[in-house]
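Undergrad: File my_file_12.pdb below, PDB, C-alpha atoms:
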ATOM      1  CA  MET W   1     109.941 114.233-153.771
ATOM      2  CA  ARG W   2     110.738 113.599-150.119
ATOM      3  CA  ALA W   3     113.573 116.184-150.199
ATOM      4  CA  GLU W   4     111.182 118.725-151.700
ATOM      5  CA  ALA W   5     108.598 118.067-148.991
ATOM      6  CA  SER W   6     111.330 118.426-146.391
ATOM      7  CA  ARG W   7     112.443 121.772-147.877
ATOM      8  CA  GLY W   8     108.815 122.930-147.925
ATOM      9  CA  ARG W   9     108.367 122.025-144.255
ATOM     10  CA  ARG W  10     111.603 123.794-143.394
ATOM     11  CA  ARG W  11     110.531 126.979-145.193
ATOM     12  CA  PHE W  12     107.170 126.848-143.444
ATOM     13  CA  VAL W  13     108.746 126.446-139.979
ATOM     14  CA  LEU W  14     111.206 129.238-140.705
ATOM     15  CA  GLU W  15     108.443 131.623-141.730
ATOM     16  CA  ILE W  16     106.534 131.018-138.527
ATOM     17  CA  ALA W  17     109.690 131.063-136.408
ATOM     18  CA  LYS W  18     110.693 134.404-137.919
ATOM     19  CA  ALA W  19     107.211 135.811-137.384
ATOM     20  CA  ALA W  20     107.406 134.647-133.773
ATOM     21  CA  GLY W  21     110.713 136.482-133.279
ATOM     22  CA  VAL W  22     113.047 133.484-132.976
ATOM     23  CA  ALA W  23     116.721 134.516-132.793
ATOM     24  CA  PRO W  24     119.055 133.908-135.794
ATOM     25  CA  VAL W  25     121.173 131.319-133.964
ATOM     26  CA  ALA W  26     118.182 128.978-133.596
ATOM     27  CA  LEU W  27     116.938 129.818-137.088
ATOM     28  CA  GLY W  28     120.305 128.577-138.344
ATOM     29  CA  VAL W  29     119.645 125.150-136.870
ATOM     30  CA  LEU W  30     116.112 125.079-138.209
ATOM     31  CA  ASP W  31     117.120 126.056-141.744
ATOM     32  CA  GLY W  32     120.047 123.634-141.756
ATOM     33  CA  SER W  33     122.731 126.301-142.228
ATOM     34  CA  ALA W  34     124.137 125.507-138.775
ATOM     35  CA  ALA W  35     124.408 121.743-138.563
ATOM     36  CA  ALA W  36     124.787 121.729-134.810
ATOM     37  CA  LEU W  37     125.292 124.247-132.064
ATOM     38  CA  PRO W  38     128.039 123.731-129.507
ATOM     39  CA  ARG W  39     126.416 121.914-126.623
ATOM     40  CA  GLY W  40     126.480 124.210-123.625
ATOM     41  CA  GLU W  41     124.661 126.678-121.470
ATOM     42  CA  ALA W  42     124.564 129.329-124.228
ATOM     43  CA  THR W  43     122.990 126.867-126.636
ATOM     44  CA  ASP W  44     120.359 125.869-124.103
ATOM     45  CA  MET W  45     119.532 129.542-123.613
ATOM     46  CA  ALA W  46     119.261 130.118-127.372
ATOM     47  CA  ILE W  47     116.904 127.158-127.690
ATOM     48  CA  LEU W  48     114.867 128.253-124.680
ATOM     49  CA  SER W  49     114.510 131.721-126.203
ATOM     50  CA  ALA W  50     113.447 130.281-129.555
ATOM     51  CA  ALA W  51     110.913 127.959-127.940
ATOM     52  CA  LEU W  52     109.630 130.770-125.764
ATOM     53  CA  MET W  53     109.023 133.059-128.749
ATOM     54  CA  ILE W  54     107.001 130.323-130.443
ATOM     55  CA  GLU W  55     104.971 129.873-127.241
ATOM     56  CA  HIS W  56     104.335 133.648-127.060
ATOM     57  CA  HIS W  57     103.132 133.559-130.653
ATOM     58  CA  ALA W  58     100.827 130.581-130.036
ATOM     59  CA  ILE W  59      99.352 132.153-126.893
ATOM     60  CA  ALA W  60      98.646 135.366-128.803
ATOM     61  CA  LEU W  61      96.969 133.472-131.644
ATOM     62  CA  TYR W  62      94.726 131.471-129.296
ATOM     63  CA  ALA W  63      93.857 134.621-127.313
ATOM     64  CA  HIS W  64      92.988 136.410-130.560
ATOM     65  CA  GLY W  65      90.725 133.543-131.637
ATOM     66  CA  LEU W  66      89.043 133.121-128.268
ATOM     67  CA  GLU W  67      88.415 136.844-127.740
ATOM     68  CA  ARG W  68      86.863 137.250-131.183
ATOM     69  CA  GLY W  69      84.939 133.977-131.303
ATOM     70  CA  LEU W  70      86.909 132.697-134.291
ATOM     71  CA  PHE W  71      87.011 129.069-133.208
ATOM     72  CA  PRO W  72      83.953 127.015-134.204
ATOM     73  CA  ARG W  73      81.577 126.905-131.240
ATOM     74  CA  GLY W  74      82.008 123.205-130.400
ATOM     75  CA  LEU W  75      85.794 123.512-130.380
ATOM     76  CA  ARG W  76      86.182 126.321-127.908
ATOM     77  CA  ALA W  77      86.987 123.906-125.057
ATOM     78  CA  TYR W  78      89.927 122.511-127.015
ATOM     79  CA  ALA W  79      91.161 126.026-127.747
ATOM     80  CA  VAL W  80      90.973 126.955-124.068
ATOM     81  CA  GLU W  81      92.807 123.758-123.097
ATOM     82  CA  PHE W  82      95.561 124.274-125.669
ATOM     83  CA  ARG W  83      96.013 127.922-124.760
ATOM     84  CA  GLY W  84      96.416 126.771-121.145
ATOM     85  CA  ASP W  85      99.085 124.284-122.220
ATOM     86  CA  HIS W  86     100.999 127.014-124.051
ATOM     87  CA  LEU W  87     100.798 129.270-121.007
ATOM     88  CA  GLY W  88     102.250 126.410-118.930
ATOM     89  CA  HIS W  89     105.051 125.866-121.458
ATOM     90  CA  ARG W  90     105.829 129.585-121.476
ATOM     91  CA  ASP W  91     105.951 129.794-117.689
ATOM     92  CA  THR W  92     108.087 126.673-117.390
ATOM     93  CA  GLN W  93     110.633 128.021-119.859
ATOM     94  CA  ILE W  94     110.705 131.446-118.227
ATOM     95  CA  ALA W  95     111.270 129.745-114.850
ATOM     96  CA  ILE W  96     114.141 127.669-116.232
ATOM     97  CA  MET W  97     115.776 130.771-117.746
ATOM     98  CA  GLU W  98     115.363 132.835-114.613
ATOM     99  CA  GLU W  99     116.630 129.984-112.436
ATOM    100  CA  ARG W 100     119.818 130.138-114.481
ATOM    101  CA  GLY W 101     120.120 133.885-114.152
ATOM    102  CA  ASP W 102     119.047 134.714-117.684
ATOM    103  CA  ARG W 103     116.372 137.126-118.730
ATOM    104  CA  ALA W 104     113.507 135.673-120.737
ATOM    105  CA  PRO W 105     112.573 137.530-123.944
ATOM    106  CA  ALA W 106     109.239 139.315-123.798
ATOM    107  CA  ALA W 107     106.444 138.676-126.267
ATOM    108  CA  LEU W 108     106.396 140.776-129.407
ATOM    109  CA  SER W 109     103.283 142.554-130.551
ATOM    110  CA  TYR W 110     101.611 139.950-132.705
ATOM    111  CA  ASP W 111      99.027 140.805-135.276
ATOM    112  CA  PHE W 112      96.720 138.474-137.196
ATOM    113  CA  PRO W 113      95.091 140.682-139.825
ATOM    114  CA  GLY W 114      94.052 137.817-142.075
ATOM    115  CA  ALA W 115      92.355 135.778-139.364
ATOM    116  CA  ARG W 116      89.005 134.391-140.482
ATOM    117  CA  PRO W 117      86.517 132.443-138.362
ATOM    118  CA  GLY W 118      85.712 128.736-138.505
ATOM    119  CA  ASP W 119      87.886 126.114-140.141
ATOM    120  CA  ALA W 120      90.186 128.813-141.536
ATOM    121  CA  PHE W 121      91.151 129.803-138.008
ATOM    122  CA  VAL W 122      91.574 126.160-136.955
ATOM    123  CA  GLN W 123      93.944 125.851-139.926
ATOM    124  CA  GLN W 124      95.893 128.857-138.648
ATOM    125  CA  ALA W 125      96.111 127.266-135.177
ATOM    126  CA  LEU W 126      97.204 123.993-136.756
ATOM    127  CA  GLU W 127     100.005 125.770-138.630
ATOM    128  CA  ILE W 128     101.537 127.180-135.495
ATOM    129  CA  GLU W 129     101.238 123.829-133.715
ATOM    130  CA  VAL W 130     102.980 122.089-136.617
ATOM    131  CA  ALA W 131     105.705 124.733-136.576
ATOM    132  CA  ALA W 132     106.153 124.339-132.826
ATOM    133  CA  GLN W 133     106.335 120.565-133.118
ATOM    134  CA  LEU W 134     108.873 120.703-135.948
ATOM    135  CA  ALA W 135     110.931 123.348-134.162
ATOM    136  CA  TYR W 136     111.069 121.363-130.918
ATOM    137  CA  THR W 137     111.879 118.154-132.801
ATOM    138  CA  GLY W 138     114.632 119.949-134.691
ATOM    139  CA  LEU W 139     116.166 121.574-131.635
ATOM    140  CA  ILE W 140     115.716 118.961-128.916
ATOM    141  CA  SER W 141     118.869 116.998-129.644
ATOM    142  CA  GLN W 142     120.903 120.186-129.099
ATOM    143  CA  ILE W 143     119.761 120.527-125.509
ATOM    144  CA  ARG W 144     122.418 119.694-122.992
ATOM    145  CA  THR W 145     120.830 119.865-119.573
ATOM    146  CA  ASP W 146     118.681 117.029-118.294
ATOM    147  CA  ASP W 147     115.990 119.134-116.658
ATOM    148  CA  TYR W 148     115.342 121.167-119.770
ATOM    149  CA  LEU W 149     115.499 118.094-122.004
ATOM    150  CA  LEU W 150     112.839 116.416-119.873
ATOM    151  CA  SER W 151     110.593 119.499-119.953
ATOM    152  CA  ALA W 152     111.064 119.876-123.700
ATOM    153  CA  GLY W 153     110.025 116.237-124.136
ATOM    154  CA  PHE W 154     106.744 116.783-122.316
ATOM    155  CA  ILE W 155     106.134 120.065-124.163
ATOM    156  CA  LEU W 156     106.631 118.284-127.462
ATOM    157  CA  VAL W 157     104.053 115.659-126.440
ATOM    158  CA  ASP W 158     101.522 118.463-125.833
ATOM    159  CA  GLU W 159     102.248 120.092-129.210
ATOM    160  CA  VAL W 160     101.600 116.778-130.944
ATOM    161  CA  ARG W 161      98.282 116.398-129.150
ATOM    162  CA  HIS W 162      97.191 119.886-130.284
ATOM    163  CA  MET W 163      98.303 119.220-133.827
ATOM    164  CA  THR W 164      96.545 115.849-134.017
ATOM    165  CA  VAL W 165      93.252 117.200-132.665
ATOM    166  CA  TRP W 166      93.229 120.078-135.174
ATOM    167  CA  ARG W 167      94.134 117.723-138.017
ATOM    168  CA  ARG W 168      91.186 115.520-137.125
ATOM    169  CA  VAL W 169      88.866 118.537-136.923
ATOM    170  CA  LEU W 170      89.943 119.521-140.439
ATOM    171  CA  GLY W 171      89.424 115.985-141.745
ATOM    172  CA  LEU W 172      93.148 115.386-142.329
ATOM    173  CA  ARG W 173      94.803 112.020-141.883
ATOM    174  CA  ILE W 174      95.828 111.276-138.287
ATOM    175  CA  TYR W 175      97.193 107.737-138.668
TER     176      TYR W 175
ATOM    177  CA  MET Y   1     127.032 128.213-114.651
ATOM    178  CA  ILE Y   2     124.116 127.461-112.394
ATOM    179  CA  ARG Y   3     123.359 123.780-112.424
ATOM    180  CA  ILE Y   4     120.345 122.645-110.489
ATOM    181  CA  GLY Y   5     118.688 119.292-110.162
ATOM    182  CA  ARG Y   6     115.548 118.459-112.056
ATOM    183  CA  ARG Y   7     113.437 117.875-109.008
ATOM    184  CA  ALA Y   8     114.689 121.059-107.341
ATOM    185  CA  LEU Y   9     113.799 122.987-110.465
ATOM    186  CA  LEU Y  10     110.389 121.421-110.641
ATOM    187  CA  ARG Y  11     109.719 122.077-106.989
ATOM    188  CA  ALA Y  12     110.626 125.697-107.657
ATOM    189  CA  THR Y  13     108.114 125.773-110.470
ATOM    190  CA  GLY Y  14     105.597 123.674-108.595
ATOM    191  CA  LEU Y  15     102.534 125.505-109.863
ATOM    192  CA  LEU Y  16     103.371 125.027-113.478
ATOM    193  CA  ALA Y  17     101.506 122.732-115.777
ATOM    194  CA  LEU Y  18     104.437 120.478-116.553
ATOM    195  CA  ALA Y  19     105.664 120.073-113.007
ATOM    196  CA  PRO Y  20     103.404 117.212-111.898
ATOM    197  CA  ARG Y  21     104.308 115.071-114.888
ATOM    198  CA  ALA Y  22     108.011 115.821-114.774
ATOM    199  CA  ALA Y  23     108.294 115.576-110.986
ATOM    200  CA  GLN Y  24     106.924 112.027-111.124
ATOM    201  CA  ALA Y  25     109.185 111.130-114.006
ATOM    202  CA  ARG Y  26     111.171 107.942-113.773
ATOM    203  CA  ASP Y  27     114.922 108.459-113.566
ATOM    204  CA  TYR Y  28     116.500 106.171-116.121
ATOM    205  CA  THR Y  29     120.147 105.431-115.538
ATOM    206  CA  SER Y  30     121.248 104.174-118.947
ATOM    207  CA  ALA Y  31     120.333 104.179-122.616
ATOM    208  CA  GLY Y  32     119.955 100.388-122.456
ATOM    209  CA  GLU Y  33     117.347 100.652-119.724
ATOM    210  CA  VAL Y  34     115.392 103.225-121.765
ATOM    211  CA  LEU Y  35     115.453 101.113-124.919
ATOM    212  CA  ASP Y  36     114.491  97.920-123.052
ATOM    213  CA  THR Y  37     111.542  99.686-121.427
ATOM    214  CA  ILE Y  38     110.337 101.100-124.736
ATOM    215  CA  ASP Y  39     110.630  97.681-126.396
ATOM    216  CA  ARG Y  40     108.576  96.076-123.631
ATOM    217  CA  LEU Y  41     105.877  98.759-123.643
ATOM    218  CA  ALA Y  42     105.616  98.745-127.434
ATOM    219  CA  GLY Y  43     104.978  94.983-127.221
ATOM    220  CA  ASP Y  44     102.302  95.557-124.580
ATOM    221  CA  VAL Y  45     100.594  98.168-126.775
ATOM    222  CA  GLU Y  46     100.594  95.805-129.751
ATOM    223  CA  ALA Y  47      99.095  93.007-127.653
ATOM    224  CA  ALA Y  48      96.359  95.284-126.295
ATOM    225  CA  LEU Y  49      95.578  96.662-129.724
ATOM    226  CA  SER Y  50      95.454  93.176-131.250
ATOM    227  CA  ALA Y  51      92.989  92.089-128.563
ATOM    228  CA  ILE Y  52      90.785  95.091-129.392
ATOM    229  CA  ALA Y  53      91.079  94.567-133.147
ATOM    230  CA  ASP Y  54      90.040  90.919-132.730
ATOM    231  CA  ALA Y  55      86.841  92.091-131.036
ATOM    232  CA  VAL Y  56      86.246  95.237-133.119
ATOM    233  CA  PRO Y  57      87.033  94.750-136.820
ATOM    234  CA  GLY Y  58      86.863  98.510-137.385
ATOM    235  CA  ALA Y  59      90.021  98.835-135.318
ATOM    236  CA  GLN Y  60      92.065  96.740-137.764
ATOM    237  CA  PRO Y  61      93.412  99.607-139.936
ATOM    238  CA  PHE Y  62      94.719 101.437-136.878
ATOM    239  CA  ALA Y  63      96.241  98.221-135.491
ATOM    240  CA  VAL Y  64      97.981  97.557-138.816
ATOM    241  CA  SER Y  65      99.285 101.123-138.955
ATOM    242  CA  VAL Y  66     100.624 100.941-135.393
ATOM    243  CA  ARG Y  67     102.339  97.602-136.033
ATOM    244  CA  ALA Y  68     104.055  99.020-139.125
ATOM    245  CA  ASP Y  69     105.228 102.079-137.158
ATOM    246  CA  HIS Y  70     106.532  99.826-134.390
ATOM    247  CA  VAL Y  71     108.536  97.700-136.821
ATOM    248  CA  ARG Y  72     110.276 100.813-138.189
ATOM    249  CA  GLU Y  73     110.886 102.233-134.725
ATOM    250  CA  ARG Y  74     112.238  98.926-133.397
ATOM    251  CA  ALA Y  75     114.714  98.850-136.280
ATOM    252  CA  ASP Y  76     115.841 102.377-135.355
ATOM    253  CA  ARG Y  77     116.299 101.313-131.727
ATOM    254  CA  ASP Y  78     118.285  98.267-132.814
ATOM    255  CA  ALA Y  79     120.538 100.562-134.854
ATOM    256  CA  ILE Y  80     121.034 102.798-131.807
ATOM    257  CA  ARG Y  81     121.945  99.759-129.692
ATOM    258  CA  ALA Y  82     124.474  98.666-132.306
ATOM    259  CA  ARG Y  83     126.021 102.122-132.623
ATOM    260  CA  LEU Y  84     126.267 102.592-128.872
ATOM    261  CA  ARG Y  85     127.572  99.012-128.477
ATOM    262  CA  LEU Y  86     124.702  98.011-126.244
ATOM    263  CA  PRO Y  87     123.493  94.416-125.946
ATOM    264  CA  GLU Y  88     120.849  93.365-128.453
ATOM    265  CA  ALA Y  89     117.209  93.759-127.496
ATOM    266  CA  PRO Y  90     115.905  90.837-125.453
ATOM    267  CA  PRO Y  91     113.392  88.667-127.339
ATOM    268  CA  PRO Y  92     109.796  89.606-126.553
ATOM    269  CA  GLY Y  93     108.543  87.618-123.580
ATOM    270  CA  ALA Y  94     105.195  85.884-123.431
ATOM    271  CA  PRO Y  95     102.596  88.119-121.777
ATOM    272  CA  ALA Y  96     101.909  87.208-118.157
ATOM    273  CA  ALA Y  97      98.165  87.416-118.804
ATOM    274  CA  PRO Y  98      95.993  87.846-121.886
ATOM    275  CA  ALA Y  99      95.938  91.487-122.959
ATOM    276  CA  SER Y 100      92.884  93.477-121.982
ATOM    277  CA  SER Y 101      90.625  94.518-124.822
ATOM    278  CA  SER Y 102      89.566  97.721-123.084
ATOM    279  CA  LEU Y 103      90.337 101.057-124.716
ATOM    280  CA  ASP Y 104      91.199 102.570-121.349
ATOM    281  CA  ALA Y 105      93.836  99.885-120.741
ATOM    282  CA  LEU Y 106      95.252 100.515-124.225
ATOM    283  CA  ARG Y 107      95.355 104.240-123.536
ATOM    284  CA  SER Y 108      97.129 103.717-120.238
ATOM    285  CA  THR Y 109      99.826 101.537-121.829
ATOM    286  CA  GLN Y 110     100.261 103.941-124.747
ATOM    287  CA  GLN Y 111     100.674 106.802-122.306
ATOM    288  CA  GLU Y 112     103.346 104.841-120.457
ATOM    289  CA  LEU Y 113     105.101 104.342-123.767
ATOM    290  CA  VAL Y 114     105.002 108.080-124.540
ATOM    291  CA  HIS Y 115     106.288 108.926-121.071
ATOM    292  CA  ALA Y 116     109.091 106.369-121.347
ATOM    293  CA  HIS Y 117     110.308 108.221-124.435
ATOM    294  CA  ALA Y 118     110.145 111.647-122.759
ATOM    295  CA  GLU Y 119     111.636 110.480-119.476
ATOM    296  CA  GLY Y 120     114.324 108.476-121.217
ATOM    297  CA  LEU Y 121     115.743 111.336-123.303
ATOM    298  CA  PRO Y 122     118.127 112.617-120.583
ATOM    299  CA  ALA Y 123     119.608 109.141-120.038
ATOM    300  CA  LEU Y 124     120.555 108.641-123.689
ATOM    301  CA  ASP Y 125     123.518 111.016-123.578
ATOM    302  CA  ASP Y 126     123.809 110.912-127.351
ATOM    303  CA  ALA Y 127     122.432 113.632-129.635
ATOM    304  CA  ALA Y 128     121.587 111.309-132.532
ATOM    305  CA  ALA Y 129     119.750 108.911-130.230
ATOM    306  CA  VAL Y 130     117.835 111.835-128.682
ATOM    307  CA  HIS Y 131     116.843 113.001-132.156
ATOM    308  CA  ALA Y 132     115.638 109.521-133.167
ATOM    309  CA  LEU Y 133     113.689 108.848-129.983
ATOM    310  CA  ALA Y 134     112.193 112.357-130.050
ATOM    311  CA  ARG Y 135     110.823 111.566-133.516
ATOM    312  CA  HIS Y 136     109.442 108.274-132.220
ATOM    313  CA  MET Y 137     107.928 110.104-129.268
ATOM    314  CA  VAL Y 138     106.128 112.454-131.668
ATOM    315  CA  GLU Y 139     104.620 109.440-133.401
ATOM    316  CA  ALA Y 140     103.729 107.754-130.103
ATOM    317  CA  ALA Y 141     102.078 110.953-128.844
ATOM    318  CA  ARG Y 142     100.104 111.196-132.090
ATOM    319  CA  ARG Y 143      98.872 107.629-131.603
ATOM    320  CA  LEU Y 144      97.980 108.408-127.987
ATOM    321  CA  THR Y 145      95.825 111.306-129.189
ATOM    322  CA  VAL Y 146      94.156 109.058-131.757
ATOM    323  CA  ILE Y 147      93.247 106.702-128.895
ATOM    324  CA  ASP Y 148      91.959 109.665-126.842
ATOM    325  CA  LEU Y 149      89.766 110.779-129.735
ATOM    326  CA  TRP Y 150      88.568 107.213-130.210
ATOM    327  CA  ILE Y 151      87.562 107.054-126.526
ATOM    328  CA  GLU Y 152      85.754 110.414-126.841
ATOM    329  CA  LEU Y 153      83.887 109.130-129.882
ATOM    330  CA  GLU Y 154      82.837 105.947-128.089
ATOM    331  CA  ALA Y 155      81.612 108.023-125.132
ATOM    332  CA  GLU Y 156      79.565 110.248-127.468
ATOM    333  CA  ARG Y 157      78.063 107.179-129.139
ATOM    334  CA  ALA Y 158      77.146 105.737-125.756
ATOM    335  CA  GLY Y 159      75.335 109.014-125.109
TER     336      GLY Y 159
END
Using structure tokens, write down the structure that the file contains.

TA:
Amino acid sequence: MRAEASRGRRRFVLEIAKAAGVAPVALGVLDGSAAALPRGEATDMAILSAALMIEHHAIALYAHGLERGLFPRGLRAYAVEFRGDHLGHRDTQIAIMEERGDRAPAALSYDFPGARPGDAFVQQALEIEVAAQLAYTGLISQIRTDDYLLSAGFILVDEVRHMTVWRRVLGLRIY
Amino acid sequence: MIRIGRRALLRATGLLALAPRAAQARDYTSAGEVLDTIDRLAGDVEAALSAIADAVPGAQPFAVSVRADHVRERADRDAIRARLRLPEAPPPGAPAAPASSSLDALRSTQQELVHAHAEGLPALDDAAAVHALARHMVEAARRLTVIDLWIELEAERAG
């Protein structure tokens, strides 16, 4: 039962990670086909790229919802706050990559044709937050450098806050 | 390979959202120090939550849930200590003063606990320990948000 739930979560994260444009090397860690990446600068860059693509995807989703009024009226402030967090995460990760002489991957063109207003859109936001949280939790132990590990820790804390708020809004269990 | 210090990096990215938190981060020097700090803060959170639950019966289910989480997490930390051949956790000390029953004080201690997890990750120097404490941090951050939402609810009730 637990193994099945774990496989389901993994599939779900992989679907969102693929939609976000995460590179195959990080997908391998997330789907369990690569047990561990060699700890090094290249691995850190692969993880940064993966995390950055998920941030791009989240920013695009929040922008889509805010521009079209898809979030329930009373929850707009949360959506604005969370979008701001994702922008901060994106900029931090781009800065780390550029500081190391690497080029950060640009956002893809994201499309949300099935987006519906109200709780359905909150559910969509929750899904990307859950995927981000699971992806960071899955990848964090592969990070080698202290500065990035520290930043990833604080980013993960933010993702959990977003996820917990949306779960509560949808009446799901939060403790 | 370019290797730069954390604080230098964060100064370079000084306008970013994460910089203030990370720039003030405590520099832990060993896994033992991280685990000791987390043990102490978890005890402080339990004491604060017990004081609140004594005064507000509606808080009991959350207090019970947190205590159960803490028992599991403490066992994981003990296993990490054993695997890394660190000394056993010190026995919990008696609190210097009775725990406050204020939600704000609980929130502040829970936030310290979350930050100790995040700030301690670089000092662990062990991938399995990072993975375990990252999972605990997720749970601690979830509980911190529950407390935040609880405070918001109380504020709304107070009008």

Undergrad: Written as a tab-separated table (two decimals) with C-alpha atoms, keeping the file's coordinate frame, which residues does the PyMOL selection byres ((chain W) within 6 of (chain Y)) give for the file shown?

TA:
chain	number	residue	atom	x	y	z
W	88	GLY	CA	102.25	126.41	-118.93
W	100	ARG	CA	119.82	130.14	-114.48
W	141	SER	CA	118.87	117.00	-129.64
W	146	ASP	CA	118.68	117.03	-118.29
W	147	ASP	CA	115.99	119.13	-116.66
W	153	GLY	CA	110.02	116.24	-124.14
W	157	VAL	CA	104.05	115.66	-126.44
W	160	VAL	CA	101.60	116.78	-130.94
W	161	ARG	CA	98.28	116.40	-129.15

Undergrad: Enumerate, as a PyMOL selection string, the residues matched when the PyMOL selection byres ((chain Y and resi 67) around 10) is run on the file above.

TA: chain Y and resi 42-43+45-46+49-50+61-66+68-73

Undergrad: Put those residues in a file: C-alpha atoms, as a PDB file, in the frame of the given file.

TA:
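Full text of selection-v6.pdb as output:
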ATOM      1  CA  ALA Y  42     105.616  98.745-127.434  1.00  0.00           C
ATOM      2  CA  GLY Y  43     104.978  94.983-127.221  1.00  0.00           C
ATOM      3  CA  VAL Y  45     100.594  98.168-126.775  1.00  0.00           C
ATOM      4  CA  GLU Y  46     100.594  95.805-129.751  1.00  0.00           C
ATOM      5  CA  LEU Y  49      95.578  96.662-129.724  1.00  0.00           C
ATOM      6  CA  SER Y  50      95.454  93.176-131.250  1.00  0.00           C
ATOM      7  CA  PRO Y  61      93.412  99.607-139.936  1.00  0.00           C
ATOM      8  CA  PHE Y  62      94.719 101.437-136.878  1.00  0.00           C
ATOM      9  CA  ALA Y  63      96.241  98.221-135.491  1.00  0.00           C
ATOM     10  CA  VAL Y  64      97.981  97.557-138.816  1.00  0.00           C
ATOM     11  CA  SER Y  65      99.285 101.123-138.955  1.00  0.00           C
ATOM     12  CA  VAL Y  66     100.624 100.941-135.393  1.00  0.00           C
ATOM     13  CA  ALA Y  68     104.055  99.020-139.125  1.00  0.00           C
ATOM     14  CA  ASP Y  69     105.228 102.079-137.158  1.00  0.00           C
ATOM     15  CA  HIS Y  70     106.532  99.826-134.390  1.00  0.00           C
ATOM     16  CA  VAL Y  71     108.536  97.700-136.821  1.00  0.00           C
ATOM     17  CA  ARG Y  72     110.276 100.813-138.189  1.00  0.00           C
ATOM     18  CA  GLU Y  73     110.886 102.233-134.725  1.00  0.00           C
TER      19      GLU Y  73
END

Undergrad: So how far away is atom CA of W:Glu159 from atom CA of W:Ile128, in Å?

TA: 9.5 Å

Undergrad: Hey, can you check how far atom CA of W:Ala60 sits from atom CA of W:Gly118?

TA: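 Distance between the two atoms: 17.5 Å.
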
Undergrad: Could you tell me which residues the PyMOL selection byres ((chain W and resi 117) around 10) returns for this structure, as a VMD selection string?

TA: chain W and resid 65 68 to 72 114 to 116 118 to 122

Undergrad: Keeping only C-alpha atoms, write the selected residues to a file as a PDB file, in the frame of the given file.

TA:
ATOM      1  CA  GLY W  65      90.725 133.543-131.637  1.00  0.00           C
ATOM      2  CA  ARG W  68      86.863 137.250-131.183  1.00  0.00           C
ATOM      3  CA  GLY W  69      84.939 133.977-131.303  1.00  0.00           C
ATOM      4  CA  LEU W  70      86.909 132.697-134.291  1.00  0.00           C
ATOM      5  CA  PHE W  71      87.011 129.069-133.208  1.00  0.00           C
ATOM      6  CA  PRO W  72      83.953 127.015-134.204  1.00  0.00           C
ATOM      7  CA  GLY W 114      94.052 137.817-142.075  1.00  0.00           C
ATOM      8  CA  ALA W 115      92.355 135.778-139.364  1.00  0.00           C
ATOM      9  CA  ARG W 116      89.005 134.391-140.482  1.00  0.00           C
ATOM     10  CA  GLY W 118      85.712 128.736-138.505  1.00  0.00           C
ATOM     11  CA  ASP W 119      87.886 126.114-140.141  1.00  0.00           C
ATOM     12  CA  ALA W 120      90.186 128.813-141.536  1.00  0.00           C
ATOM     13  CA  PHE W 121      91.151 129.803-138.008  1.00  0.00           C
ATOM     14  CA  VAL W 122      91.574 126.160-136.955  1.00  0.00           C
TER      15      VAL W 122
END

Undergrad: Restricting the calculation to only C-alpha atoms: of Y:Leu35, Y:Ile147, Y:Ala158, Y:Arg107, which residue gets closest to Y:Ala75?

TA: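 Closest residue, counting only C-alpha atoms: Y:Leu35.
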
Undergrad: At a cut-off of 12 Å, using all atoms listed in the file, what residues contact Y:Pro91? Leave out same-chain residues fewer than 6 positions from it and give the result as number ranges by chain.

TA: Y: 36, 39-40, 43, 74

Undergrad: May I ask for the distance between atom CA of W:Leu61 and atom CA of W:Phe82, given in Å to one decimal place?

TA: 11.1 Å

Undergrad: Which one of W:Met97, W:Ala131, W:Leu66, W:Leu126 sits closest to W:Val22 if you count all atoms listed in the file?

TA: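 Among the listed residues, the smallest separation from W:Val22 belongs to W:Ala131.
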
Undergrad: Measuring between only C-alpha atoms, which one of Y:Leu124, Y:Ile80, Y:Gly58, Y:Leu103 shows the shortest distance to Y:Glu33?

TA: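 Using only C-alpha atoms, the shortest distance to Y:Glu33 belongs to Y:Leu124.
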
Undergrad: Using only C-alpha atoms, which protein or nucleic acid residues come within 9 Å of Y:Ser101? Drop anything in the same chain fewer than 5 positions from it, and give the result as JSON, numbers by chain.

TA: {"Y": [48, 49, 50, 51, 52, 53, 54, 55, 106]}

Undergrad: Leaving out W:Arg144 and any residue of its chain fewer than 2 positions from it, which residues lie within 7 Å of it when counting only C-alpha atoms, given as a list in words?

TA: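 Near neighbours after the sequence-gap exclusion: Arg39, Gly40, Asp44, Gln142 and Asp146 of chain W.
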
Undergrad: Around the point (120.9, 130.5, -131.7) in the file's coordinates, collect all residues with an atom within 10 Å, using only C-alpha atoms, and return them as a list of chain:residue names.

TA: W:Val22, W:Ala23, W:Pro24, W:Val25, W:Ala26, W:Leu27, W:Gly28, W:Val29, W:Leu30, W:Ala34, W:Leu37, W:Ala42, W:Thr43, W:Asp44, W:Met45, W:Ala46, W:Ile47, W:Leu48, W:Ser49, W:Ala50

Undergrad: Which residues are close to W:Arg90, i.e. within 8 Å by only C-alpha atoms, leaving aside same-chain residues fewer than 5 positions away? Reply as a VMD selection string.

TA: chain W and resid 52 55 to 56

Undergrad: Taking C-alpha atoms for each residue, export the selection above as a compact mmCIF listing (two decimals), in the frame of the given file.

TA:
# COMPACT_ATOMS: atom_id res chain seq x y z
CA LEU W 52 109.63 130.77 -125.76
CA GLU W 55 104.97 129.87 -127.24
CA HIS W 56 104.34 133.65 -127.06

Undergrad: Find the residues around W:Ile140 up to 7 Å (all atoms listed in the file counted), leave out those fewer than 3 positions away in its own chain, and share them as a ChimeraX atom specification.

TA: /W:136-137,143,149 /Y:131

Undergrad: Using all atoms listed in the file for the distances, tell me which of W:Ile59, W:Ala77, W:Leu150, W:Leu139 is nearest to W:Leu108.

TA: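 Checking each of W:Ile59, W:Ala77, W:Leu150, W:Leu139 against W:Leu108, counting all atoms listed in the file, the winner is W:Ile59.
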